[in-house]
file entry-v4.cif (mmCIF, N, CA and C atoms)
data_run
loop_
_atom_site.group_PDB
_atom_site.id
_atom_site.type_symbol
_atom_site.label_atom_id
_atom_site.label_comp_id
_atom_site.auth_asym_id
_atom_site.auth_seq_id
_atom_site.Cartn_x
_atom_site.Cartn_y
_atom_site.Cartn_z
ATOM 1 N N MET A 1 0.845 -1.175 0.000
ATOM 2 C CA MET A 1 0.000 0.000 0.000
ATOM 3 C C MET A 1 0.890 1.238 0.000
ATOM 4 N N ALA A 2 0.635 2.133 -0.901
ATOM 5 C CA ALA A 2 1.390 3.373 -0.974
ATOM 6 C C ALA A 2 1.014 4.257 0.211
ATOM 7 N N LYS A 3 1.948 5.041 0.679
ATOM 8 C CA LYS A 3 1.725 5.841 1.873
ATOM 9 C C LYS A 3 0.720 6.961 1.652
ATOM 10 N N ASN A 4 0.625 7.467 0.417
ATOM 11 C CA ASN A 4 -0.265 8.596 0.202
ATOM 12 C C ASN A 4 -1.655 8.180 -0.260
ATOM 13 N N THR A 5 -1.956 6.899 -0.263
ATOM 14 C CA THR A 5 -3.310 6.469 -0.605
ATOM 15 C C THR A 5 -4.137 6.368 0.656
ATOM 16 N N LEU A 6 -5.411 6.628 0.524
ATOM 17 C CA LEU A 6 -6.299 6.585 1.668
ATOM 18 C C LEU A 6 -6.785 5.171 1.909
ATOM 19 N N ILE A 7 -7.052 4.856 3.150
ATOM 20 C CA ILE A 7 -7.530 3.541 3.542
ATOM 21 C C ILE A 7 -9.048 3.554 3.502
ATOM 22 N N ARG A 8 -9.631 2.623 2.774
ATOM 23 C CA ARG A 8 -11.091 2.530 2.735
ATOM 24 C C ARG A 8 -11.553 1.814 3.988
ATOM 25 N N SER A 9 -12.552 2.354 4.600
ATOM 26 C CA SER A 9 -13.079 1.746 5.814
ATOM 27 C C SER A 9 -14.175 0.758 5.447
ATOM 28 N N SER A 10 -13.775 -0.490 5.251
ATOM 29 C CA SER A 10 -14.749 -1.538 4.971
ATOM 30 C C SER A 10 -15.214 -2.189 6.258
ATOM 31 N N LEU A 11 -14.753 -1.662 7.373
ATOM 32 C CA LEU A 11 -15.091 -2.246 8.665
ATOM 33 C C LEU A 11 -16.503 -1.895 9.102
ATOM 34 N N VAL A 12 -16.941 -0.691 8.758
ATOM 35 C CA VAL A 12 -18.199 -0.172 9.264
ATOM 36 C C VAL A 12 -19.024 0.339 8.090
ATOM 37 N N PRO A 13 -20.313 0.057 8.054
ATOM 38 C CA PRO A 13 -21.146 0.633 6.989
ATOM 39 C C PRO A 13 -21.156 2.153 7.057
ATOM 40 N N GLU A 14 -21.483 2.795 5.953
ATOM 41 C CA GLU A 14 -21.451 4.257 5.862
ATOM 42 C C GLU A 14 -22.365 4.938 6.874
ATOM 43 N N LYS A 15 -23.439 4.295 7.275
ATOM 44 C CA LYS A 15 -24.402 4.917 8.181
ATOM 45 C C LYS A 15 -23.831 5.118 9.581
ATOM 46 N N GLN A 16 -22.868 4.317 9.981
ATOM 47 C CA GLN A 16 -22.368 4.345 11.347
ATOM 48 C C GLN A 16 -21.103 5.186 11.464
ATOM 49 N N THR A 17 -21.192 6.441 11.100
ATOM 50 C CA THR A 17 -20.009 7.298 11.123
ATOM 51 C C THR A 17 -19.618 7.716 12.535
ATOM 52 N N GLY A 18 -20.459 7.484 13.519
ATOM 53 C CA GLY A 18 -20.136 7.859 14.882
ATOM 54 C C GLY A 18 -19.476 6.752 15.669
ATOM 55 N N SER A 19 -19.360 5.569 15.090
ATOM 56 C CA SER A 19 -18.771 4.451 15.829
ATOM 57 C C SER A 19 -17.277 4.686 16.031
ATOM 58 N N VAL A 20 -16.742 4.090 17.062
ATOM 59 C CA VAL A 20 -15.329 4.263 17.399
ATOM 60 C C VAL A 20 -14.450 3.719 16.279
ATOM 61 N N GLU A 21 -14.845 2.592 15.687
ATOM 62 C CA GLU A 21 -14.046 1.987 14.626
ATOM 63 C C GLU A 21 -13.940 2.919 13.421
ATOM 64 N N PHE A 22 -15.064 3.526 13.038
ATOM 65 C CA PHE A 22 -15.044 4.448 11.904
ATOM 66 C C PHE A 22 -14.192 5.673 12.228
ATOM 67 N N GLN A 23 -14.314 6.203 13.435
ATOM 68 C CA GLN A 23 -13.556 7.392 13.802
ATOM 69 C C GLN A 23 -12.061 7.125 13.761
ATOM 70 N N ILE A 24 -11.645 5.939 14.227
ATOM 71 C CA ILE A 24 -10.219 5.600 14.209
ATOM 72 C C ILE A 24 -9.717 5.475 12.779
ATOM 73 N N SER A 25 -10.489 4.825 11.918
ATOM 74 C CA SER A 25 -10.057 4.691 10.521
ATOM 75 C C SER A 25 -10.052 6.054 9.820
ATOM 76 N N HIS A 26 -11.003 6.912 10.158
ATOM 77 C CA HIS A 26 -11.047 8.250 9.570
ATOM 78 C C HIS A 26 -9.842 9.081 10.029
ATOM 79 N N LEU A 27 -9.496 8.990 11.300
ATOM 80 C CA LEU A 27 -8.333 9.722 11.797
ATOM 81 C C LEU A 27 -7.049 9.197 11.168
ATOM 82 N N THR A 28 -6.982 7.891 10.911
ATOM 83 C CA THR A 28 -5.818 7.323 10.240
ATOM 84 C C THR A 28 -5.676 7.919 8.847
ATOM 85 N N ASN A 29 -6.782 8.073 8.139
ATOM 86 C CA ASN A 29 -6.744 8.706 6.819
ATOM 87 C C ASN A 29 -6.323 10.164 6.927
ATOM 88 N N ARG A 30 -6.782 10.848 7.976
ATOM 89 C CA ARG A 30 -6.426 12.256 8.150
ATOM 90 C C ARG A 30 -4.955 12.431 8.497
ATOM 91 N N ILE A 31 -4.311 11.417 9.027
ATOM 92 C CA ILE A 31 -2.881 11.497 9.355
ATOM 93 C C ILE A 31 -2.032 11.381 8.096
ATOM 94 N N LEU A 32 -2.483 10.606 7.130
ATOM 95 C CA LEU A 32 -1.681 10.354 5.938
ATOM 96 C C LEU A 32 -1.449 11.604 5.089
ATOM 97 N N LYS A 33 -2.456 12.456 4.964
ATOM 98 C CA LYS A 33 -2.336 13.627 4.095
ATOM 99 C C LYS A 33 -1.298 14.634 4.604
ATOM 100 N N PRO A 34 -1.360 15.068 5.865
ATOM 101 C CA PRO A 34 -0.319 15.999 6.335
ATOM 102 C C PRO A 34 1.065 15.357 6.408
ATOM 103 N N THR A 35 1.129 14.057 6.617
ATOM 104 C CA THR A 35 2.424 13.383 6.665
ATOM 105 C C THR A 35 3.120 13.504 5.319
ATOM 106 N N TYR A 36 2.370 13.267 4.256
ATOM 107 C CA TYR A 36 2.933 13.417 2.911
ATOM 108 C C TYR A 36 3.328 14.875 2.660
ATOM 109 N N HIS A 37 2.498 15.813 3.101
ATOM 110 C CA HIS A 37 2.790 17.238 2.927
ATOM 111 C C HIS A 37 4.078 17.619 3.653
ATOM 112 N N LEU A 38 4.261 17.088 4.862
ATOM 113 C CA LEU A 38 5.438 17.456 5.651
ATOM 114 C C LEU A 38 6.718 16.838 5.101
ATOM 115 N N LYS A 39 6.595 15.771 4.320
ATOM 116 C CA LYS A 39 7.797 15.242 3.673
ATOM 117 C C LYS A 39 8.319 16.228 2.634
ATOM 118 N N LEU A 40 7.411 16.966 2.013
ATOM 119 C CA LEU A 40 7.811 17.960 1.020
ATOM 120 C C LEU A 40 8.177 19.296 1.655
ATOM 121 N N HIS A 41 7.465 19.682 2.729
ATOM 122 C CA HIS A 41 7.648 20.983 3.377
ATOM 123 C C HIS A 41 7.962 20.749 4.859
ATOM 124 N N GLY A 42 9.210 20.452 5.139
ATOM 125 C CA GLY A 42 9.621 20.069 6.483
ATOM 126 C C GLY A 42 9.502 21.152 7.533
ATOM 127 N N LYS A 43 9.507 22.415 7.150
ATOM 128 C CA LYS A 43 9.479 23.510 8.121
ATOM 129 C C LYS A 43 8.103 24.141 8.261
ATOM 130 N N ASP A 44 7.078 23.456 7.835
ATOM 131 C CA ASP A 44 5.709 23.962 7.956
ATOM 132 C C ASP A 44 5.209 23.620 9.367
ATOM 133 N N TYR A 45 5.484 24.513 10.309
ATOM 134 C CA TYR A 45 5.232 24.219 11.709
ATOM 135 C C TYR A 45 3.757 24.221 12.070
ATOM 136 N N SER A 46 2.946 24.992 11.369
ATOM 137 C CA SER A 46 1.515 24.972 11.669
ATOM 138 C C SER A 46 0.901 23.633 11.259
ATOM 139 N N SER A 47 1.378 23.059 10.173
ATOM 140 C CA SER A 47 0.897 21.726 9.784
ATOM 141 C C SER A 47 1.395 20.662 10.759
ATOM 142 N N GLN A 48 2.612 20.835 11.265
ATOM 143 C CA GLN A 48 3.135 19.891 12.255
ATOM 144 C C GLN A 48 2.275 19.898 13.509
ATOM 145 N N ARG A 49 1.893 21.079 13.944
ATOM 146 C CA ARG A 49 1.083 21.172 15.161
ATOM 147 C C ARG A 49 -0.273 20.519 14.959
ATOM 148 N N GLY A 50 -0.875 20.740 13.804
ATOM 149 C CA GLY A 50 -2.145 20.106 13.505
ATOM 150 C C GLY A 50 -2.022 18.599 13.434
ATOM 151 N N LEU A 51 -0.901 18.123 12.902
ATOM 152 C CA LEU A 51 -0.684 16.685 12.812
ATOM 153 C C LEU A 51 -0.472 16.068 14.187
ATOM 154 N N TRP A 52 0.154 16.772 15.099
ATOM 155 C CA TRP A 52 0.404 16.216 16.433
ATOM 156 C C TRP A 52 -0.884 15.953 17.197
ATOM 157 N N LYS A 53 -1.921 16.720 16.923
ATOM 158 C CA LYS A 53 -3.178 16.552 17.651
ATOM 159 C C LYS A 53 -3.931 15.293 17.223
ATOM 160 N N ILE A 54 -3.845 14.934 15.958
ATOM 161 C CA ILE A 54 -4.642 13.831 15.426
ATOM 162 C C ILE A 54 -4.244 12.476 16.022
ATOM 163 N N PRO A 55 -2.946 12.124 16.097
ATOM 164 C CA PRO A 55 -2.611 10.827 16.701
ATOM 165 C C PRO A 55 -2.996 10.737 18.183
ATOM 166 N N GLY A 56 -2.982 11.864 18.887
ATOM 167 C CA GLY A 56 -3.395 11.853 20.290
ATOM 168 C C GLY A 56 -4.854 11.482 20.443
ATOM 169 N N LYS A 57 -5.676 12.042 19.582
ATOM 170 C CA LYS A 57 -7.100 11.707 19.629
ATOM 171 C C LYS A 57 -7.320 10.258 19.234
ATOM 172 N N ARG A 58 -6.587 9.801 18.197
ATOM 173 C CA ARG A 58 -6.720 8.408 17.771
ATOM 174 C C ARG A 58 -6.282 7.461 18.882
ATOM 175 N N GLU A 59 -5.237 7.823 19.603
ATOM 176 C CA GLU A 59 -4.769 6.972 20.697
ATOM 177 C C GLU A 59 -5.802 6.879 21.813
ATOM 178 N N ARG A 60 -6.461 7.993 22.132
ATOM 179 C CA ARG A 60 -7.498 7.956 23.160
ATOM 180 C C ARG A 60 -8.658 7.053 22.739
ATOM 181 N N LEU A 61 -9.025 7.120 21.459
ATOM 182 C CA LEU A 61 -10.086 6.241 20.967
ATOM 183 C C LEU A 61 -9.645 4.782 20.970
ATOM 184 N N LEU A 62 -8.374 4.525 20.664
ATOM 185 C CA LEU A 62 -7.872 3.147 20.709
ATOM 186 C C LEU A 62 -7.875 2.599 22.127
ATOM 187 N N VAL A 63 -7.530 3.443 23.101
ATOM 188 C CA VAL A 63 -7.575 3.006 24.498
ATOM 189 C C VAL A 63 -9.002 2.645 24.884
ATOM 190 N N HIS A 64 -9.945 3.483 24.503
ATOM 191 C CA HIS A 64 -11.358 3.215 24.810
ATOM 192 C C HIS A 64 -11.801 1.905 24.173
ATOM 193 N N LEU A 65 -11.454 1.693 22.911
ATOM 194 C CA LEU A 65 -11.867 0.479 22.211
ATOM 195 C C LEU A 65 -11.199 -0.757 22.802
ATOM 196 N N SER A 66 -9.943 -0.648 23.187
ATOM 197 C CA SER A 66 -9.252 -1.810 23.755
ATOM 198 C C SER A 66 -9.843 -2.203 25.102
ATOM 199 N N GLN A 67 -10.359 -1.241 25.840
ATOM 200 C CA GLN A 67 -10.971 -1.554 27.132
ATOM 201 C C GLN A 67 -12.366 -2.131 26.978
ATOM 202 N N LYS A 68 -13.092 -1.671 25.967
ATOM 203 C CA LYS A 68 -14.480 -2.103 25.793
ATOM 204 C C LYS A 68 -14.612 -3.373 24.972
ATOM 205 N N ASN A 69 -13.822 -3.513 23.911
ATOM 206 C CA ASN A 69 -13.972 -4.646 23.006
ATOM 207 C C ASN A 69 -12.591 -4.999 22.449
ATOM 208 N N SER A 70 -11.871 -5.879 23.132
ATOM 209 C CA SER A 70 -10.492 -6.170 22.744
ATOM 210 C C SER A 70 -10.395 -6.928 21.418
ATOM 211 N N LEU A 71 -11.378 -7.745 21.103
ATOM 212 C CA LEU A 71 -11.349 -8.483 19.840
ATOM 213 C C LEU A 71 -11.489 -7.528 18.652
ATOM 214 N N CYS A 72 -12.402 -6.601 18.747
ATOM 215 C CA CYS A 72 -12.590 -5.606 17.693
ATOM 216 C C CYS A 72 -11.348 -4.716 17.577
ATOM 217 N N TYR A 73 -10.728 -4.401 18.699
ATOM 218 C CA TYR A 73 -9.501 -3.605 18.716
ATOM 219 C C TYR A 73 -8.395 -4.312 17.940
ATOM 220 N N GLU A 74 -8.195 -5.594 18.201
ATOM 221 C CA GLU A 74 -7.156 -6.366 17.514
ATOM 222 C C GLU A 74 -7.416 -6.415 16.010
ATOM 223 N N ASN A 75 -8.673 -6.650 15.624
ATOM 224 C CA ASN A 75 -9.011 -6.696 14.204
ATOM 225 C C ASN A 75 -8.756 -5.356 13.530
ATOM 226 N N LEU A 76 -9.089 -4.284 14.218
ATOM 227 C CA LEU A 76 -8.949 -2.951 13.643
ATOM 228 C C LEU A 76 -7.489 -2.585 13.420
ATOM 229 N N ILE A 77 -6.628 -2.817 14.400
ATOM 230 C CA ILE A 77 -5.221 -2.435 14.218
ATOM 231 C C ILE A 77 -4.551 -3.316 13.170
ATOM 232 N N ASN A 78 -5.010 -4.553 13.017
ATOM 233 C CA ASN A 78 -4.456 -5.402 11.966
ATOM 234 C C ASN A 78 -4.901 -4.939 10.584
ATOM 235 N N GLN A 79 -6.152 -4.541 10.444
ATOM 236 C CA GLN A 79 -6.645 -4.096 9.144
ATOM 237 C C GLN A 79 -6.070 -2.745 8.742
ATOM 238 N N LEU A 80 -5.896 -1.853 9.705
ATOM 239 C CA LEU A 80 -5.357 -0.530 9.394
ATOM 240 C C LEU A 80 -3.832 -0.523 9.337
ATOM 241 N N ARG A 81 -3.216 -1.602 9.791
ATOM 242 C CA ARG A 81 -1.755 -1.744 9.822
ATOM 243 C C ARG A 81 -1.103 -0.643 10.648
ATOM 244 N N ILE A 82 -1.654 -0.433 11.846
ATOM 245 C CA ILE A 82 -1.062 0.531 12.763
ATOM 246 C C ILE A 82 -0.567 -0.217 13.993
ATOM 247 N N ARG A 83 0.345 0.403 14.711
ATOM 248 C CA ARG A 83 0.857 -0.219 15.922
ATOM 249 C C ARG A 83 -0.190 -0.194 17.013
ATOM 250 N N GLY A 84 -0.153 -1.212 17.849
ATOM 251 C CA GLY A 84 -1.056 -1.249 18.985
ATOM 252 C C GLY A 84 -0.554 -0.342 20.099
ATOM 253 N N LEU A 85 -1.293 -0.293 21.164
ATOM 254 C CA LEU A 85 -0.931 0.521 22.308
ATOM 255 C C LEU A 85 0.229 -0.117 23.046
ATOM 256 N N LYS A 86 0.972 0.718 23.763
ATOM 257 C CA LYS A 86 2.061 0.210 24.590
ATOM 258 C C LYS A 86 1.487 -0.568 25.759
ATOM 259 N N LYS A 87 2.088 -1.681 26.051
ATOM 260 C CA LYS A 87 1.669 -2.486 27.197
ATOM 261 C C LYS A 87 2.412 -1.989 28.434
ATOM 262 N N ARG A 88 1.681 -1.745 29.493
ATOM 263 C CA ARG A 88 2.322 -1.253 30.726
ATOM 264 C C ARG A 88 2.445 -2.351 31.718
#
call {"tool": "encode", "arguments": {"input": "entry-v4.cif", "output": "structure tokens"}}
result
Amino acid sequence: MAKNTLIRSSLVPEKQTGSVEFQISHLTNRILKPTYHLKLHGKDYSSQRGLWKIPGKRERLLVHLSQKNSLCYENLINQLRIRGLKKR
């Protein structure tokens, strides 16, 4: 998968845009666009700041999902190909 292509969310039907799974996949897509932009424009600090906020929100949603439904959490991180949470 190319880094600048968006991930299609086949996990959740279009009607359920408020579900945690959809929000995590949507935030993952939102991370890819500024990441590609910052590879070209490394000193764009306002874009960097905006990018720093998105993974934090995604991490909070991942923590919530891992506590509520661990099986769905495992499936989601495998399908999106993102790292899981740190084990403490």
call {"tool": "closest_residue", "arguments": {"input": "entry-v4.cif", "among": "A:Leu80, A:Ile54, A:Val63, A:Leu71", "to": "Arg30 (chain A)", "atoms": "only C-alpha atoms"}}
result
A:Ile54
call {"tool": "atom_distance", "arguments": {"input": "entry-v4.cif", "atom1": "atom N of Leu32 (chain A)", "atom2": "atom C of Ile77 (chain A)"}}
result
15.3 Å
call {"tool": "atom_distance", "arguments": {"input": "entry-v4.cif", "atom1": "atom C of Tyr73 (chain A)", "atom2": "atom C of Gln48 (chain A)"}}
result
26.8 Å
call {"tool": "select_by_dssp", "arguments": {"input": "entry-v4.cif", "residues": "region 5-87 of chain A", "states": "helix (DSSP H, G or I)", "output": "ChimeraX atom specification"}}
result
/A:20-40,45-68,70-80
call {"tool": "atom_distance", "arguments": {"input": "entry-v4.cif", "atom1": "CA of Gly56 (chain A)", "atom2": "CA of Lys86 (chain A)"}}
result
13.6 Å
call {"tool": "closest_residue", "arguments": {"input": "entry-v4.cif", "among": "A:Thr35, A:Thr28, A:Asn75, A:Ser19", "to": "Pro55 (chain A)", "atoms": "only C-alpha atoms"}}
result
A:Thr28
call {"tool": "axis_aligned_box", "arguments": {"input": "entry-v4.cif", "around": "region 15-29 of chain A", "padding_each_side": "4 Å", "output": "JSON"}}
result
{"center_x": -15.0, "center_y": 6.1, "center_z": 12.1, "size_x": 26.7, "size_y": 16.2, "size_z": 18.6}
call {"tool": "residues_around", "arguments": {"input": "entry-v4.cif", "residues": "Glu59 (chain A)", "least_positions_apart": "6", "cutoff": "8 Å", "atoms": "only N, CA and C atoms", "output": "list in words"}}
result
Ile24, Lys53, Leu65 and Leu85 of chain A
call {"tool": "closest_residue", "arguments": {"input": "entry-v4.cif", "among": "A:Leu61, A:Leu51, A:Ile82, A:Leu38", "to": "Glu21 (chain A)", "atoms": "only N, CA and C atoms"}}
result
A:Leu61
call {"tool": "closest_residue", "arguments": {"input": "entry-v4.cif", "among": "A:Arg83, A:Lys43, A:Arg58, A:Lys68", "to": "Leu27 (chain A)", "atoms": "only N, CA and C atoms"}}
result
A:Arg58
